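One structure is given here, and the rest of the page talks about it.
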Amino acid sequence: MAETAASPTQSAAEQDLAARVSPARQLAEAFTAGSLAGTVELSEVPFLTMVGLRATPGSEAAQRLAAVTGGLPAGSGAVAGSGDTSVLWLGPSEFLVVAPTEAHESLGGGLIPALRDALGAGAGQVVDLSANRTTFELTGPRARAVLEKGCSLDLHPRVFRAGTAFSTEIANIPAILWKTGEESFRIFPRASFAEFLGRWLLDAMREYASPEVP
């Protein structure tokens, strides 16, 4: 696929973003062709801003970081944050911040510098992980059934409620699974596993294209 020519009116940062290649871009057409409107749909949401945080809960550093993000999650599966910024619990003192692309400092966004300033000299870490993972969005009434083919978590809505996220494996690939709505999930695989997991999800969706499947 040919790269889109940069517009002379674009900033250098915008031109850099336009030149980036997402980890699953080669599957974009397959995602569109394999998606079934009203049943199950798959897409990539590339280049979200992701920041790894480490801070001891209750510490002054954690409180300062929480003031920037709109809160830190308190326990396993919890998601906190404010507005377009979400914070996923990964461990007792480890969190993943997920925000829109434009929040990245390379595009003039202030989220990462604000987090670094908030941490200051406190014990902890603020690490830009935006290039570490990509994001798949799986939606529709059959989304849960697709994931259940390769995920050991109990995905029944009585257990896995909207607004929760867990580290897990899908098709033996480590990933973070975030249930964003009753029929919608965001999946965060590492970039190096994106193509394999994307193809696995497409294969798991294929049975629902058959008219024999109610």
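FYI, nothing fancy with the structure tokens labels: chains A, B, ... in order, residues from 1 per chain, ligands from 1 as they appear.
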
Check: How would you write, as a list in words, the set of residues in range 100-154 of chain A that DSSP gives as strand (DSSP E or B)?
Finding: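 The strand (DSSP E or B) subset of range 100-154 of chain A is Gln125, Val126, Val127, Asp128, Arg133, Phe136, Glu137, Leu138, Thr139 and Cys151 of chain A.
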
Residue selection dump (C-alpha atoms) as a short mmCIF file (atom, residue, chain, number, x, y, z; two decimals), in the first residue's frame:
```cif
data_model
loop_
_atom_site.label_atom_id
_atom_site.label_comp_id
_atom_site.auth_asym_id
_atom_site.auth_seq_id
_atom_site.Cartn_x
_atom_site.Cartn_y
_atom_site.Cartn_z
CA GLN A 125 7.94 5.30 36.92
CA VAL A 126 6.31 7.06 33.99
CA VAL A 127 7.13 5.24 30.73
CA ASP A 128 5.83 6.00 27.24
CA ARG A 133 1.01 -2.22 21.84
CA PHE A 136 -8.17 -4.08 18.56
CA GLU A 137 -11.84 -3.25 18.99
CA LEU A 138 -14.24 -6.21 18.91
CA THR A 139 -17.94 -5.39 19.07
CA CYS A 151 -9.55 -16.85 26.46
#
```

Margin query: What's around range 45-61 of chain A at 9 Å? Count only C-alpha atoms, leave out sequence neighbours fewer than 4 positions away in its own chain, and write the answer as an MDAnalysis selection string.
Written below: chainID A and resid 17 20:25 65:66 72 74 92:104 111:112 115 118:137

Checklist line | DSSP helix (DSSP H, G or I) residues within range 112-149 of chain A, listed as an NGL selection string | finding: :A and (112-119 or 143-148)

Check: Out of A:Pro174, A:Pro189, A:Gly163, A:Gly110, which residue has the shortest atom-to-atom distance to Gly81 in chain A when counting only C-alpha atoms?
Finding: A:Gly163

Checklist line | Neighbour list for Thr180 in chain A as a list in words, cut-off 6 Å, only C-alpha atoms, skip fewer than 3 positions in-chain | finding: Ala162, Gly163, Ser184 and Phe185 of chain A

Would you mind exporting the chosen residues as a tab-separated table (two decimals), in the first residue's frame, restricted to N, CA, C and O atoms?
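This went into result-v4.tsv:
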```tsv
chain	number	residue	atom	x	y	z
A	162	ALA	N	-18.94	-4.64	32.24
A	162	ALA	CA	-18.46	-3.50	31.46
A	162	ALA	C	-17.71	-2.55	32.38
A	162	ALA	O	-18.12	-2.31	33.52
A	163	GLY	N	-16.59	-2.04	31.89
A	163	GLY	CA	-15.79	-1.14	32.70
A	163	GLY	C	-14.70	-1.81	33.49
A	163	GLY	O	-14.11	-1.20	34.37
A	184	SER	N	-18.94	-4.74	23.73
A	184	SER	CA	-17.73	-4.18	23.12
A	184	SER	C	-16.51	-4.42	24.00
A	184	SER	O	-16.58	-4.33	25.23
A	185	PHE	N	-15.40	-4.76	23.33
A	185	PHE	CA	-14.15	-5.06	24.02
A	185	PHE	C	-13.00	-4.35	23.30
A	185	PHE	O	-13.01	-4.21	22.07
```

Next item on the list: In Å, rounded to a single decimal, give me how far CA of Arg158 in chain A is from CA of Leu202 in chain A.
Entry: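 Going from CA of Leu202 in chain A over to CA of Arg158 in chain A covers 26.3 Å.
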
Margin query: Env of His156 in chain A: 12 Å cut, atoms = only C-alpha atoms, seq-sep filter 5 positions within chain, self excluded. Answer as a ChimeraX atom specification.
Written below: /A:143-145,147-148,151,161-162,179,182-183

Notebook entry, point to check: Quick one: of A:Ala62, A:Val159, A:Met205, A:Leu88, who's nearest to Ile176 in chain A, counting only C-alpha atoms?
Noted result: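 Of A:Ala62, A:Val159, A:Met205, A:Leu88, the one nearest Ile176 in chain A, counting only C-alpha atoms, is A:Leu88.
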
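Pairwise distance (CA of Gln63 in chain A, CA of Ser76 in chain A) equals 18.6 Å.
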
Next item on the list: Determine, counting only C-alpha atoms, which protein, DNA and RNA residues have an atom within 9 Å of an atom of Ala171 in chain A; residues of the same chain fewer than 5 positions away are not included. Present the result as an MDAnalysis selection string.
Entry: chainID A and resid 147 149:151 197 200:201

Selection file, all heavy atoms, as a PDB file, in the first residue's frame:
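Contents of again-v9.pdb, as written:
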```
ATOM      1  N   LEU A 147     -14.305 -14.402  21.685  1.00  0.00           N
ATOM      2  CA  LEU A 147     -13.215 -14.405  22.665  1.00  0.00           C
ATOM      3  C   LEU A 147     -13.182 -15.686  23.475  1.00  0.00           C
ATOM      4  O   LEU A 147     -12.103 -16.172  23.845  1.00  0.00           O
ATOM      5  CB  LEU A 147     -13.365 -13.202  23.596  1.00  0.00           C
ATOM      6  CG  LEU A 147     -13.109 -11.836  22.966  1.00  0.00           C
ATOM      7  CD1 LEU A 147     -13.540 -10.730  23.911  1.00  0.00           C
ATOM      8  CD2 LEU A 147     -11.639 -11.686  22.594  1.00  0.00           C
ATOM      9  N   LYS A 149     -13.488 -18.580  22.613  1.00  0.00           N
ATOM     10  CA  LYS A 149     -12.800 -19.673  21.928  1.00  0.00           C
ATOM     11  C   LYS A 149     -11.330 -19.767  22.311  1.00  0.00           C
ATOM     12  O   LYS A 149     -10.703 -20.814  22.103  1.00  0.00           O
ATOM     13  CB  LYS A 149     -12.912 -19.493  20.411  1.00  0.00           C
ATOM     14  CG  LYS A 149     -14.330 -19.605  19.885  1.00  0.00           C
ATOM     15  CD  LYS A 149     -14.360 -19.434  18.375  1.00  0.00           C
ATOM     16  CE  LYS A 149     -15.775 -19.560  17.834  1.00  0.00           C
ATOM     17  NZ  LYS A 149     -15.820 -19.482  16.356  1.00  0.00           N
ATOM     18  N   GLY A 150     -10.779 -18.669  22.856  1.00  0.00           N
ATOM     19  CA  GLY A 150      -9.350 -18.709  23.144  1.00  0.00           C
ATOM     20  C   GLY A 150      -8.924 -17.971  24.388  1.00  0.00           C
ATOM     21  O   GLY A 150      -7.733 -17.741  24.579  1.00  0.00           O
ATOM     22  N   CYS A 151      -9.873 -17.595  25.242  1.00  0.00           N
ATOM     23  CA  CYS A 151      -9.552 -16.847  26.458  1.00  0.00           C
ATOM     24  C   CYS A 151     -10.063 -17.620  27.664  1.00  0.00           C
ATOM     25  O   CYS A 151     -11.227 -18.030  27.696  1.00  0.00           O
ATOM     26  CB  CYS A 151     -10.187 -15.458  26.411  1.00  0.00           C
ATOM     27  SG  CYS A 151      -9.853 -14.447  27.860  1.00  0.00           S
ATOM     28  N   LEU A 197      -2.597 -12.406  16.311  1.00  0.00           N
ATOM     29  CA  LEU A 197      -3.861 -12.344  17.041  1.00  0.00           C
ATOM     30  C   LEU A 197      -4.975 -11.821  16.147  1.00  0.00           C
ATOM     31  O   LEU A 197      -6.116 -12.296  16.225  1.00  0.00           O
ATOM     32  CB  LEU A 197      -3.721 -11.467  18.285  1.00  0.00           C
ATOM     33  CG  LEU A 197      -4.950 -11.408  19.188  1.00  0.00           C
ATOM     34  CD1 LEU A 197      -5.372 -12.800  19.639  1.00  0.00           C
ATOM     35  CD2 LEU A 197      -4.697 -10.513  20.394  1.00  0.00           C
ATOM     36  N   TRP A 200      -6.107 -14.673  14.102  1.00  0.00           N
ATOM     37  CA  TRP A 200      -6.846 -15.631  14.920  1.00  0.00           C
ATOM     38  C   TRP A 200      -8.272 -15.138  15.164  1.00  0.00           C
ATOM     39  O   TRP A 200      -9.240 -15.916  15.066  1.00  0.00           O
ATOM     40  CB  TRP A 200      -6.134 -15.846  16.251  1.00  0.00           C
ATOM     41  CG  TRP A 200      -6.807 -16.881  17.105  1.00  0.00           C
ATOM     42  CD1 TRP A 200      -6.557 -18.223  17.114  1.00  0.00           C
ATOM     43  CD2 TRP A 200      -7.881 -16.656  18.036  1.00  0.00           C
ATOM     44  NE1 TRP A 200      -7.406 -18.856  18.002  1.00  0.00           N
ATOM     45  CE2 TRP A 200      -8.225 -17.917  18.584  1.00  0.00           C
ATOM     46  CE3 TRP A 200      -8.569 -15.530  18.455  1.00  0.00           C
ATOM     47  CZ2 TRP A 200      -9.240 -18.068  19.525  1.00  0.00           C
ATOM     48  CZ3 TRP A 200      -9.583 -15.672  19.399  1.00  0.00           C
ATOM     49  CH2 TRP A 200      -9.909 -16.921  19.927  1.00  0.00           C
ATOM     50  N   LEU A 201      -8.429 -13.863  15.474  1.00  0.00           N
ATOM     51  CA  LEU A 201      -9.765 -13.306  15.708  1.00  0.00           C
ATOM     52  C   LEU A 201     -10.628 -13.408  14.448  1.00  0.00           C
ATOM     53  O   LEU A 201     -11.814 -13.754  14.522  1.00  0.00           O
ATOM     54  CB  LEU A 201      -9.665 -11.851  16.158  1.00  0.00           C
ATOM     55  CG  LEU A 201      -9.111 -11.644  17.574  1.00  0.00           C
ATOM     56  CD1 LEU A 201      -8.750 -10.181  17.785  1.00  0.00           C
ATOM     57  CD2 LEU A 201     -10.130 -12.090  18.628  1.00  0.00           C
TER      58      LEU A 201
END
```
